[in-house]
Amino acid sequence: MDLQEISNRSSIRVIEKIIDETPTVRTLVFSDDTLSNVLPGQFAMVWIPGVNELPMSVMVSEEKGKAAFTVRKRGVSSTALYDLQVGNQIGVRGPYGNSFRIKDGKILLVGGGTGLVPLLRLAKFAKPTNEVIILMGSKTKEEMFFEDMANKILAKNKHQVITCTEDGSYGKKGFVTDVMEALMQDTKFDGIYTCGPEIMMYKVVQMANSKNTFVEASLERMMKCGIGICGSCCMDESLVCHDGTVFDGQFLAKSQEFGHTHRTKSGILENY
Amino acid sequence: MDLQEISNRSSIRVIEKIIDETPTVRTLVFSDDTLSNVLPGQFAMVWIPGVNELPMSVMVSEEKGKAAFTVRKRGVSSTALYDLQVGNQIGVRGPYGNSFRIKDGKILLVGGGTGLVPLLRLAKFAKPTNEVIILMGSKTKEEMFFEDMANKILAKNKHQVITCTEDGSYGKKGFVTDVMEALMQDTKFDGIYTCGPEIMMYKVVQMANSKNTFVEASLERMMKCGIGICGSCCMDESLVCHDGTVFDGQFLAKSQEFGHTHRTKSGILENY
Amino acid sequence: MSPDLSTKIGTLRLERPTMLASGILGISLEVFSRIHKSGAGAVVTKSLSKEPWEGYPNPTIVGIKGGYLNAVGLSNPGAPYFAKMISPNKTIPIIVSLVGSIEEDFEFMVKQFENVHVMAYELNLSCPHVEKVGLEVGDDPNLVTKIVKKVKSMTKVPIISKVGLGTTNYLDTVKAAMDGGTDAITAINTIRAMGIDVETQRPLLSNKIGGLSGPAIKPVAVRCVYEISSKYDIPVIGCGGVSTWEDAVEFILAGASAVQIGSAIGDGWIDVFSEVNKGIANYMEQKGFSKIQEMVGLARNF
Amino acid sequence: MSPDLSTKIGTLRLERPTMLASGILGISLEVFSRIHKSGAGAVVTKSLSKEPWEGYPNPTIVGIKGGYLNAVGLSNPGAPYFAKMISPNKTIPIIVSLVGSIEEDFEFMVKQFENVHVMAYELNLSCPHVEKVGLEVGDDPNLVTKIVKKVKSMTKVPIISKVGLGTTNYLDTVKAAMDGGTDAITAINTIRAMGIDVETQRPLLSNKIGGLSGPAIKPVAVRCVYEISSKYDIPVIGCGGVSTWEDAVEFILAGASAVQIGSAIGDGWIDVFSEVNKGIANYMEQKGFSKIQEMVGLARNF
Ligand SMILES: Cc1cc2nc3c(=O)[nH]c(=O)nc-3n(C[C@H](O)[C@H](O)[C@H](O)COP(=O)(O)OP(=O)(O)OC[C@H]3O[C@@H](n4cnc5c(N)ncnc54)[C@H](O)[C@@H]3O)c2cc1C
Ligand SMILES: Cc1cc2nc3c(=O)[nH]c(=O)nc-3n(C[C@H](O)[C@H](O)[C@H](O)COP(=O)(O)OP(=O)(O)OC[C@H]3O[C@@H](n4cnc5c(N)ncnc54)[C@H](O)[C@@H]3O)c2cc1C
Ligand SMILES: Cc1cc2nc3c(=O)[nH]c(=O)nc-3n(C[C@H](O)[C@H](O)[C@H](O)COP(=O)(O)O)c2cc1C
Ligand SMILES: Cc1cc2nc3c(=O)[nH]c(=O)nc-3n(C[C@H](O)[C@H](O)[C@H](O)COP(=O)(O)O)c2cc1C
Ligand code: FES
Ligand code: FES
């Protein structure tokens, strides 16, 4: 009998700091050596005791040995996470999933809302030679966050942070995809990376594919286990938690489901 | 879920060579890296499929990567082991137990029959500076074995192999303990090591203790698990499989059971 | 000549003796196809109910020493949706798992598959963490006989009854299923179990109690296969903790004609099928077996 | 002030909440003394029968993934011999485990201990690998009630009934033992299981079928403790797979007033008692508990 290590079991962490990003988005910081070092695109399963366990991208933290989640309050579970106080406990397991493959040269990051979480980690992993443009979108000025963080992370790179709001209250007016289209007129990118609402990602991938530009998107699906057992995250023949969450443009172009359908908790396909 | 290694489960080995030592003693050789390197005094649990599983001291083998058992045919199980053919399978698990602590200087090894097994391994572990005397006893010439082996193992040491038989048909006449008593008249040993019938060991330990000479004996008891769970090998407050099989003279002097009693399969104390 | 990995479970013939266990990854045709290609001789679907079920809130699956605890709560899209989804299938050997509490549930569900290519049905009589279906059914031998009889009367494809450790003797459940005409038995489902987190002092699963799977339960599952096949003349599919070829062979020697694999996918991914198949083939070659059948139940000779 | 590790199991008071499980190392007074000194709050003897039993031939104990399989076959020197052996004892908290198939067996055995200092009796109603005693008794609720009643009528010391997973609902066995007047329940014994060696194609144990112990069964044992203490008002002792203080706390949170440790001794040796005790004490300090009782069953609040 050997007493083995246990994998895929939550470790309890204590919330040490809470940062209000917008009126509906907060970043919860906690100590975790493993999660502080995950690759861009990787996620954790986050147990909110008594409520639920949700997949969350692991957010960059400025302090060594710390990790964070940036959560938008939406339904019951994300709101419960959002409402946690300093000193409260959460359980975390992971990291899970693959990660972005960062190309040399000029790269473009296109994100919206909490989709920026894996993109900022990607920015942190950028090579010194990378020129990085981050395109961040939100509905209004109030909902824009991470602009300063992005500039800070990319301080040593040639970079640009472009913001845009749907109502024009901050940065450029319009959708990120509009701005991206304009950008792509005169710039050739070596790699494009996106995370955010699937309809947005769908357009980003289409545009990149149409220009034969390497593109990767980090997808969200209903995730119960996070480790390729339960099947709830399946998309075509892929399990997003295990084969993804990052998929490239070639693969996504062939998908029957990407941009069109996702599954409910019972596994029924539902249109976006 | 981690898929852990399994300990304390038998590995199957194939008998590769059989050496007849006497009409009732055989050495069975097989390949086993782990067992080929055990410390002197350590034993294995040997599964004879369909018959039983018995504790056996691990015998020295001259070839690298090989281990052996030297078995005397006695009851049903040891006879079944003795009767195995080349190509037959046994299961082995171990090594278990502690080992002899070899002193510097002049050491004496006192053994009889298969009790010589751990003593020969001890001889193999002797330091170049050790002067070694092995005293081996048997009833008759026919039952004497391992003399050549002992000389071979100790070729590089200053050494002496003294044989004795009860009927005087080979070597000195008498019990090993008689010869030992004579030896100790004029020689001071730095360490005495013994394995064999308990009554013999009892006398060896008494003699050594009376001269304040460091002494260790490797004991036998009923052993079912070999790993300190079942309790069948208990002697006073010790578990012979776990705390032993090697005990020193000081400890044995205090024992209520050593040399007097051992336990049956049901756990009842029985006199020797 | 390399050994023949095909196996027979009564009248059911599989190309390979490893199957995907029910509830694991089994909700889309594309995934079934991938798992079949990766070496599984058949795939068993999630247990389907009459209507779609969301299952329990998370946490529903947690890793523990030696395996997993799960209380997914039989989340599934429902038999009607599922039947439609797999209806294009012609080539993948799909075994449809069904769960319900009364004969009529099963009657309704089997009807959905009337014109769908289904290799066999597996009746889940042994889910340990959902009330009124699963073990509560398996613990009622009369009900088991009735359900099996009903399904049997509606279809020509083989019926497999999946048993587990409930509160009645599972051997009685096996007997009841045989009385109803079952063609084979799958043994076992997860074992009712729980874990508690000492930091938060809360049960690990939202449902508190769930089922234990993985290597931890293998010795219990092997025992059940051995007992069933020693006592009854019925083909058995072994399930519980298979993650290596040795595990698979152990089940076959105990009396199983095939094995199902679930939890091991969480560690070794679906490559586990081809690895186990290859290991079995090597073993057969080494030991001189030419067919799986020759090995089935050999440990009972001792 | 460091936390108080003493615990109460009904009227039974232990200095520390860890006990030696029955069947492990338990055949001599000297060894009991050593285990007590090393931190066990009590030691349970091997299950004793009317007469000495040799047990099964070896192999009787084998290591497997996540634990051990054993079919020792209840080898023991018999109650009369044992009673004499422990009669000098005044200081070691010894709980005598008894096994038998009818009331008279137990009556005979308890008589042997009439003038011996015994802290409590544990009735083994759950050995999974010896016929006519153990589980076959536990599976017969009427017999359980009768046996407990008989023992209860003969002695003033507490009676503990040890249950396991048999072929009837173990909760019915618990109820039957309560009807007989049991003072506490130990849950659980090993789970009926087997292993087969693929090289020789033989069962690993000479008795073929044995009992599974160690970490593999912990989630099942925790579930049973939780179910018993949720359903009935009876003190419970948790047993099965405890090897760390977290395991012990998990059992306590599930509803156990103390835990027994067996298999873990095969790995960590008897130091496991002091290590687990120390871990529990640290935990209590950190969480602000001053008594074991305050933690018992806390997981049931959720
Ligand atoms: C890989 C990945 C990374 C993510 N990273 C982030 C992040 O960094 N920040 C962030 O705010 N959100 C992230 N999400 C989304 C997040 O997991 C939730 O889906 C989202 O917060 C909505 O949850 P809710 O319960 O509030 O929503 P509701 O719409 O109220 O959902 C109702 C219920 O559905 C379930 N549910 C919903 N979505 C999921 C899901 N994806 N997986 C499992 N169960 C679900 C829960 O039971 C929930 O209570 C990520 C999702 C994925 C798949
Ligand atoms: C640490 C140790 C090392 C040993 N090394 C050797 C060695 O190198 N060579 C050698 O020939 N013998 C050795 N023995 C003795 C050996 O294990 C047997 O006890 C002996 O061979 C007699 O077995 P038997 O079955 O033939 O005897 P029997 O007297 O017929 O015994 C009857 C039955 O008792 C059981 N039994 C007897 N002794 C033991 C025991 N010690 N443990 C478990 N069960 C037992 C078996 O079930 C056996 O079938 C050693 C014993 C110990 C404890
Ligand atoms: C996440 C998960 C979900 C399961 N769902 C089902 C199910 O829907 N129907 C069923 O019969 N068994 C279900 N089971 C049980 C498995 O089919 C299998 O019997 C059990 O897990 C033992 O096999 P394993 O150790 O290989 O996982 C499920 C098991 C797991 C781990
Ligand atoms: C070798 C061995 C012998 C056992 N003998 C007995 C016994 O005689 N009586 C009994 O009630 N339980 C016996 N058991 C069961 C244990 O007391 C305990 O219930 C079980 O092993 C689970 O605990 P663990 O996982 O800590 O070992 C035995 C267990 C083992 C491993
Ligand atoms: S979340 Fe379970 S398979 Fe992906
Ligand atoms: S042989 Fe089992 S304790 Fe020593």
# chains A, B, ... in the order shown; residues from 1 in each chain; ligands from 1
call {"tool": "interface_residues", "arguments": {"of": "chain A", "to": "chain C", "cutoff": "6 Å", "atoms": "only C-alpha atoms", "output": "list in words"}}
result
Ile6, Ser7, Asn8, Arg9, Asn52, Glu53, Cys225, Ile227, Gly228, Ile229, Cys230, Gly231, Asp236, Glu237, Lys265, Ser266, Gly267 and Ile268 of chain A
call {"tool": "residues_near_ligand", "arguments": {"ligand": "ligand 1", "cutoff": "7 Å", "atoms": "only C-alpha atoms and all ligand atoms", "output": "ChimeraX atom specification"}}
result
/A:43,52,54-58,69-79,114-115,117,219-224,241,245 /C:57-58
call {"tool": "write_last_selection", "arguments": {"atoms": "N, CA and C atoms", "output": "PDB file, in the first residue's frame"}}
result
ATOM      1  N   PHE A  43      -6.877  27.079 -16.984  1.00  0.00           N
ATOM      2  CA  PHE A  43      -7.927  27.479 -16.041  1.00  0.00           C
ATOM      3  C   PHE A  43      -7.901  26.582 -14.803  1.00  0.00           C
ATOM      4  N   ASN A  52     -21.287  26.183  -5.567  1.00  0.00           N
ATOM      5  CA  ASN A  52     -21.038  25.575  -6.867  1.00  0.00           C
ATOM      6  C   ASN A  52     -19.536  25.474  -7.076  1.00  0.00           C
ATOM      7  N   LEU A  54     -16.989  26.290 -10.389  1.00  0.00           N
ATOM      8  CA  LEU A  54     -17.005  26.858 -11.739  1.00  0.00           C
ATOM      9  C   LEU A  54     -15.610  26.890 -12.345  1.00  0.00           C
ATOM     10  N   PRO A  55     -15.525  26.805 -13.671  1.00  0.00           N
ATOM     11  CA  PRO A  55     -14.230  27.019 -14.312  1.00  0.00           C
ATOM     12  C   PRO A  55     -13.912  28.513 -14.343  1.00  0.00           C
ATOM     13  N   MET A  56     -12.667  28.834 -14.062  1.00  0.00           N
ATOM     14  CA  MET A  56     -12.220  30.228 -14.098  1.00  0.00           C
ATOM     15  C   MET A  56     -10.810  30.286 -14.666  1.00  0.00           C
ATOM     16  N   SER A  57     -10.577  31.178 -15.593  1.00  0.00           N
ATOM     17  CA  SER A  57      -9.219  31.418 -16.065  1.00  0.00           C
ATOM     18  C   SER A  57      -8.400  31.970 -14.910  1.00  0.00           C
ATOM     19  N   VAL A  58      -7.110  31.618 -14.911  1.00  0.00           N
ATOM     20  CA  VAL A  58      -6.273  32.099 -13.816  1.00  0.00           C
ATOM     21  C   VAL A  58      -5.676  33.441 -14.200  1.00  0.00           C
ATOM     22  N   PHE A  69      -8.461  35.336  -9.515  1.00  0.00           N
ATOM     23  CA  PHE A  69      -9.553  35.158 -10.478  1.00  0.00           C
ATOM     24  C   PHE A  69     -10.218  36.501 -10.665  1.00  0.00           C
ATOM     25  N   THR A  70     -10.593  36.781 -11.893  1.00  0.00           N
ATOM     26  CA  THR A  70     -11.349  38.003 -12.161  1.00  0.00           C
ATOM     27  C   THR A  70     -12.738  37.565 -12.592  1.00  0.00           C
ATOM     28  N   VAL A  71     -13.710  37.888 -11.778  1.00  0.00           N
ATOM     29  CA  VAL A  71     -15.036  37.341 -11.993  1.00  0.00           C
ATOM     30  C   VAL A  71     -16.060  38.441 -12.263  1.00  0.00           C
ATOM     31  N   ARG A  72     -16.875  38.182 -13.232  1.00  0.00           N
ATOM     32  CA  ARG A  72     -17.998  39.079 -13.490  1.00  0.00           C
ATOM     33  C   ARG A  72     -19.234  38.491 -12.832  1.00  0.00           C
ATOM     34  N   LYS A  73     -19.974  39.328 -12.115  1.00  0.00           N
ATOM     35  CA  LYS A  73     -21.178  38.793 -11.477  1.00  0.00           C
ATOM     36  C   LYS A  73     -22.267  38.648 -12.520  1.00  0.00           C
ATOM     37  N   ARG A  74     -22.720  37.424 -12.672  1.00  0.00           N
ATOM     38  CA  ARG A  74     -23.778  37.123 -13.638  1.00  0.00           C
ATOM     39  C   ARG A  74     -24.885  36.368 -12.936  1.00  0.00           C
ATOM     40  N   GLY A  75     -24.822  35.050 -13.006  1.00  0.00           N
ATOM     41  CA  GLY A  75     -25.865  34.261 -12.349  1.00  0.00           C
ATOM     42  C   GLY A  75     -25.546  34.035 -10.880  1.00  0.00           C
ATOM     43  N   VAL A  76     -26.206  33.062 -10.319  1.00  0.00           N
ATOM     44  CA  VAL A  76     -26.095  32.773  -8.884  1.00  0.00           C
ATOM     45  C   VAL A  76     -24.657  32.493  -8.468  1.00  0.00           C
ATOM     46  N   SER A  77     -23.970  31.634  -9.224  1.00  0.00           N
ATOM     47  CA  SER A  77     -22.678  31.156  -8.757  1.00  0.00           C
ATOM     48  C   SER A  77     -21.604  32.220  -8.895  1.00  0.00           C
ATOM     49  N   SER A  78     -21.576  32.870 -10.033  1.00  0.00           N
ATOM     50  CA  SER A  78     -20.547  33.894 -10.202  1.00  0.00           C
ATOM     51  C   SER A  78     -20.809  35.037  -9.228  1.00  0.00           C
ATOM     52  N   THR A  79     -22.049  35.294  -8.929  1.00  0.00           N
ATOM     53  CA  THR A  79     -22.356  36.342  -7.960  1.00  0.00           C
ATOM     54  C   THR A  79     -21.882  35.948  -6.570  1.00  0.00           C
ATOM     55  N   THR A 114     -14.137  39.562 -19.076  1.00  0.00           N
ATOM     56  CA  THR A 114     -13.244  38.643 -18.376  1.00  0.00           C
ATOM     57  C   THR A 114     -12.461  37.778 -19.361  1.00  0.00           C
ATOM     58  N   GLY A 115     -12.789  37.857 -20.622  1.00  0.00           N
ATOM     59  CA  GLY A 115     -11.977  37.186 -21.643  1.00  0.00           C
ATOM     60  C   GLY A 115     -10.567  37.745 -21.702  1.00  0.00           C
ATOM     61  N   VAL A 117      -8.668  37.948 -19.234  1.00  0.00           N
ATOM     62  CA  VAL A 117      -7.843  37.270 -18.218  1.00  0.00           C
ATOM     63  C   VAL A 117      -6.744  36.409 -18.859  1.00  0.00           C
ATOM     64  N   LEU A 219     -11.890  28.898 -25.628  1.00  0.00           N
ATOM     65  CA  LEU A 219     -13.344  28.741 -25.614  1.00  0.00           C
ATOM     66  C   LEU A 219     -13.917  28.453 -24.225  1.00  0.00           C
ATOM     67  N   GLU A 220     -15.167  28.770 -24.079  1.00  0.00           N
ATOM     68  CA  GLU A 220     -15.895  28.417 -22.856  1.00  0.00           C
ATOM     69  C   GLU A 220     -17.000  27.430 -23.193  1.00  0.00           C
ATOM     70  N   ARG A 221     -17.152  26.430 -22.358  1.00  0.00           N
ATOM     71  CA  ARG A 221     -18.292  25.520 -22.459  1.00  0.00           C
ATOM     72  C   ARG A 221     -18.706  25.147 -21.044  1.00  0.00           C
ATOM     73  N   MET A 222     -19.872  24.591 -20.899  1.00  0.00           N
ATOM     74  CA  MET A 222     -20.302  24.044 -19.615  1.00  0.00           C
ATOM     75  C   MET A 222     -19.231  23.046 -19.146  1.00  0.00           C
ATOM     76  N   MET A 223     -18.679  23.264 -17.979  1.00  0.00           N
ATOM     77  CA  MET A 223     -17.653  22.344 -17.496  1.00  0.00           C
ATOM     78  C   MET A 223     -17.989  21.862 -16.102  1.00  0.00           C
ATOM     79  N   LYS A 224     -18.117  20.552 -15.967  1.00  0.00           N
ATOM     80  CA  LYS A 224     -18.407  19.988 -14.651  1.00  0.00           C
ATOM     81  C   LYS A 224     -17.154  19.399 -14.018  1.00  0.00           C
ATOM     82  N   CYS A 241     -12.337  21.066 -22.181  1.00  0.00           N
ATOM     83  CA  CYS A 241     -11.488  21.126 -20.981  1.00  0.00           C
ATOM     84  C   CYS A 241     -10.172  20.401 -21.192  1.00  0.00           C
ATOM     85  N   THR A 245      -8.539  24.687 -23.533  1.00  0.00           N
ATOM     86  CA  THR A 245      -9.586  25.492 -24.122  1.00  0.00           C
ATOM     87  C   THR A 245      -9.150  26.229 -25.387  1.00  0.00           C
TER      88      THR A 245
ATOM     89  N   PRO C  57     -25.799  20.246  -8.887  1.00  0.00           N
ATOM     90  CA  PRO C  57     -24.811  21.331  -9.020  1.00  0.00           C
ATOM     91  C   PRO C  57     -23.406  20.793  -8.745  1.00  0.00           C
ATOM     92  N   ASN C  58     -22.419  21.494  -9.205  1.00  0.00           N
ATOM     93  CA  ASN C  58     -21.042  21.169  -8.884  1.00  0.00           C
ATOM     94  C   ASN C  58     -20.757  21.499  -7.417  1.00  0.00           C
TER      95      ASN C  58
END
call {"tool": "closest_residue", "arguments": {"among": "D:Gly241, D:Gly138, D:Gly73, D:Pro93", "to": "ligand 4", "atoms": "only C-alpha atoms and all ligand atoms"}}
result
D:Gly241
call {"tool": "closest_atom_pairs", "arguments": {"of": "chain C", "to": "chain D", "cutoff": "8 Å", "atoms": "only C-alpha atoms", "output": "JSON lines"}}
result
{"residue": "C:Lys65", "atom": "CA", "partner": "D:Pro215", "partner_atom": "CA", "distance": 6.6}
{"residue": "C:Gly66", "atom": "CA", "partner": "D:Gly66", "partner_atom": "CA", "distance": 5.6}
{"residue": "C:Gly166", "atom": "CA", "partner": "D:Asn169", "partner_atom": "CA", "distance": 7.7}
{"residue": "C:Thr167", "atom": "CA", "partner": "D:Asn169", "partner_atom": "CA", "distance": 4.3}
{"residue": "C:Thr168", "atom": "CA", "partner": "D:Thr168", "partner_atom": "CA", "distance": 5.1}
{"residue": "C:Asn169", "atom": "CA", "partner": "D:Thr167", "partner_atom": "CA", "distance": 4.3}
{"residue": "C:Tyr170", "atom": "CA", "partner": "D:Thr167", "partner_atom": "CA", "distance": 7.5}
{"residue": "C:Ile191", "atom": "CA", "partner": "D:Val220", "partner_atom": "CA", "distance": 7.3}
{"residue": "C:Arg192", "atom": "CA", "partner": "D:Val220", "partner_atom": "CA", "distance": 6.3}
{"residue": "C:Ala193", "atom": "CA", "partner": "D:Val220", "partner_atom": "CA", "distance": 4.2}
{"residue": "C:Met194", "atom": "CA", "partner": "D:Pro219", "partner_atom": "CA", "distance": 5.0}
{"residue": "C:Gly195", "atom": "CA", "partner": "D:Pro219", "partner_atom": "CA", "distance": 5.6}
{"residue": "C:Ile196", "atom": "CA", "partner": "D:Glu250", "partner_atom": "CA", "distance": 5.6}
{"residue": "C:Asp197", "atom": "CA", "partner": "D:Glu250", "partner_atom": "CA", "distance": 7.0}
{"residue": "C:Val198", "atom": "CA", "partner": "D:Glu250", "partner_atom": "CA", "distance": 6.0}
{"residue": "C:Gln201", "atom": "CA", "partner": "D:Ala299", "partner_atom": "CA", "distance": 5.4}
{"residue": "C:Arg202", "atom": "CA", "partner": "D:Ala299", "partner_atom": "CA", "distance": 5.1}
{"residue": "C:Pro203", "atom": "CA", "partner": "D:Ala299", "partner_atom": "CA", "distance": 6.4}
{"residue": "C:Ile209", "atom": "CA", "partner": "D:Arg223", "partner_atom": "CA", "distance": 7.0}
{"residue": "C:Leu212", "atom": "CA", "partner": "D:Pro219", "partner_atom": "CA", "distance": 7.3}
{"residue": "C:Pro215", "atom": "CA", "partner": "D:Lys65", "partner_atom": "CA", "distance": 6.6}
{"residue": "C:Ala216", "atom": "CA", "partner": "D:Ala216", "partner_atom": "CA", "distance": 4.4}
{"residue": "C:Ile217", "atom": "CA", "partner": "D:Ala216", "partner_atom": "CA", "distance": 7.0}
{"residue": "C:Pro219", "atom": "CA", "partner": "D:Ala193", "partner_atom": "CA", "distance": 4.9}
{"residue": "C:Val220", "atom": "CA", "partner": "D:Ala193", "partner_atom": "CA", "distance": 4.2}
{"residue": "C:Ala221", "atom": "CA", "partner": "D:Ala193", "partner_atom": "CA", "distance": 7.4}
{"residue": "C:Val222", "atom": "CA", "partner": "D:Met194", "partner_atom": "CA", "distance": 6.2}
{"residue": "C:Arg223", "atom": "CA", "partner": "D:Met194", "partner_atom": "CA", "distance": 5.0}
{"residue": "C:Cys224", "atom": "CA", "partner": "D:Ala193", "partner_atom": "CA", "distance": 7.8}
{"residue": "C:Glu246", "atom": "CA", "partner": "D:Val198", "partner_atom": "CA", "distance": 6.6}
{"residue": "C:Val249", "atom": "CA", "partner": "D:Val198", "partner_atom": "CA", "distance": 6.6}
{"residue": "C:Glu250", "atom": "CA", "partner": "D:Ile196", "partner_atom": "CA", "distance": 5.7}
{"residue": "C:Leu253", "atom": "CA", "partner": "D:Gln201", "partner_atom": "CA", "distance": 6.7}
{"residue": "C:Ala254", "atom": "CA", "partner": "D:Ile196", "partner_atom": "CA", "distance": 7.4}
{"residue": "C:Leu298", "atom": "CA", "partner": "D:Gln201", "partner_atom": "CA", "distance": 6.7}
{"residue": "C:Ala299", "atom": "CA", "partner": "D:Arg202", "partner_atom": "CA", "distance": 5.2}
{"residue": "C:Phe302", "atom": "CA", "partner": "D:Arg202", "partner_atom": "CA", "distance": 6.4}
call {"tool": "write_last_selection", "arguments": {"atoms": "C-alpha atoms", "output": "compact mmCIF listing (two decimals), in the first residue's frame"}}
result
# COMPACT_ATOMS: atom_id res chain seq x y z
CA LYS C 65 -6.91 8.66 -2.95
CA GLY C 66 -7.21 5.77 -5.36
CA GLY C 166 -26.84 -1.93 -2.84
CA THR C 167 -28.76 -2.85 0.24
CA THR C 168 -29.86 -6.25 -0.98
CA ASN C 169 -27.58 -9.01 -2.13
CA TYR C 170 -26.50 -8.04 -5.62
CA ILE C 191 -19.85 2.19 -4.66
CA ARG C 192 -21.80 4.58 -2.46
CA ALA C 193 -19.26 6.76 -0.70
CA MET C 194 -18.44 10.25 0.49
CA GLY C 195 -15.60 12.59 1.32
CA ILE C 196 -15.42 15.58 3.63
CA ASP C 197 -13.12 18.55 3.33
CA VAL C 198 -11.54 19.15 6.72
CA GLN C 201 -15.91 20.83 7.17
CA ARG C 202 -18.23 20.29 4.23
CA PRO C 203 -18.95 17.23 2.11
CA ILE C 209 -23.03 11.22 -1.02
CA LEU C 212 -16.57 5.71 -5.65
CA PRO C 215 -8.55 1.58 -8.75
CA ALA C 216 -9.96 1.74 -5.22
CA ILE C 217 -12.95 -0.40 -6.19
CA PRO C 219 -10.77 -5.65 -5.94
CA VAL C 220 -14.45 -5.41 -5.06
CA ALA C 221 -15.46 -5.46 -8.73
CA VAL C 222 -13.22 -8.43 -9.49
CA ARG C 223 -14.79 -10.27 -6.58
CA CYS C 224 -18.27 -9.58 -7.92
CA GLU C 246 -3.23 -6.30 -16.17
CA VAL C 249 -6.80 -9.53 -17.77
CA GLU C 250 -7.56 -9.85 -14.06
CA LEU C 253 -9.52 -14.40 -15.56
CA ALA C 254 -12.18 -13.75 -12.92
CA LEU C 298 -9.44 -19.31 -15.70
CA ALA C 299 -8.84 -18.18 -12.12
CA PHE C 302 -7.84 -22.93 -8.60
call {"tool": "select_by_dssp", "arguments": {"residues": "region 116-300 of chain D", "states": "helix (DSSP H, G or I)", "output": "JSON, numbers by chain"}}
result
{"D": [135, 136, 137, 138, 141, 142, 143, 144, 145, 146, 147, 148, 149, 150, 151, 152, 153, 154, 170, 171, 172, 173, 174, 175, 176, 177, 178, 179, 215, 216, 217, 218, 219, 220, 221, 222, 223, 224, 225, 226, 227, 228, 229, 230, 231, 245, 246, 247, 248, 249, 250, 251, 252, 253, 254, 265, 266, 267, 268, 271, 272, 273, 274, 275, 276, 277, 278, 279, 280, 281, 282, 283, 284, 285, 286, 287, 292, 293, 294, 295, 298, 299, 300]}
call {"tool": "atom_distance", "arguments": {"atom1": "CA of Gly279 (chain D)", "atom2": "CA of Thr244 (chain D)"}}
result
7.9 Å
call {"tool": "residues_around", "arguments": {"residues": "region 151-155 of chain C", "least_positions_apart": "6", "cutoff": "10 Å", "atoms": "only C-alpha atoms", "output": "NGL selection string"}}
result
:C and (103-104 or 106-111 or 113-114 or 120-121 or 123 or 180-183)
call {"tool": "select_by_dssp", "arguments": {"residues": "region 50-153 of chain B", "states": "strand (DSSP E or B)", "output": "PyMOL selection string"}}
result
chain B and resi 52-57+59+66-72+89-96+106-112+131-138
call {"tool": "atom_distance", "arguments": {"atom1": "CA of Ala208 (chain A)", "atom2": "CA of Val246 (chain A)"}}
result
15.5 Å
call {"tool": "residues_around", "arguments": {"residues": "Phe273 (chain C)", "least_positions_apart": "4", "cutoff": "10 Å", "atoms": "only C-alpha atoms", "output": "PyMOL selection string"}}
result
chain C and resi 16-20+35-41+243-245+260-261+264-265+268-269+277-279
call {"tool": "closest_residue", "arguments": {"among": "D:Lys231, D:Lys8, D:His129, D:Lys162", "to": "ligand 4", "atoms": "only C-alpha atoms and all ligand atoms"}}
result
D:Lys162
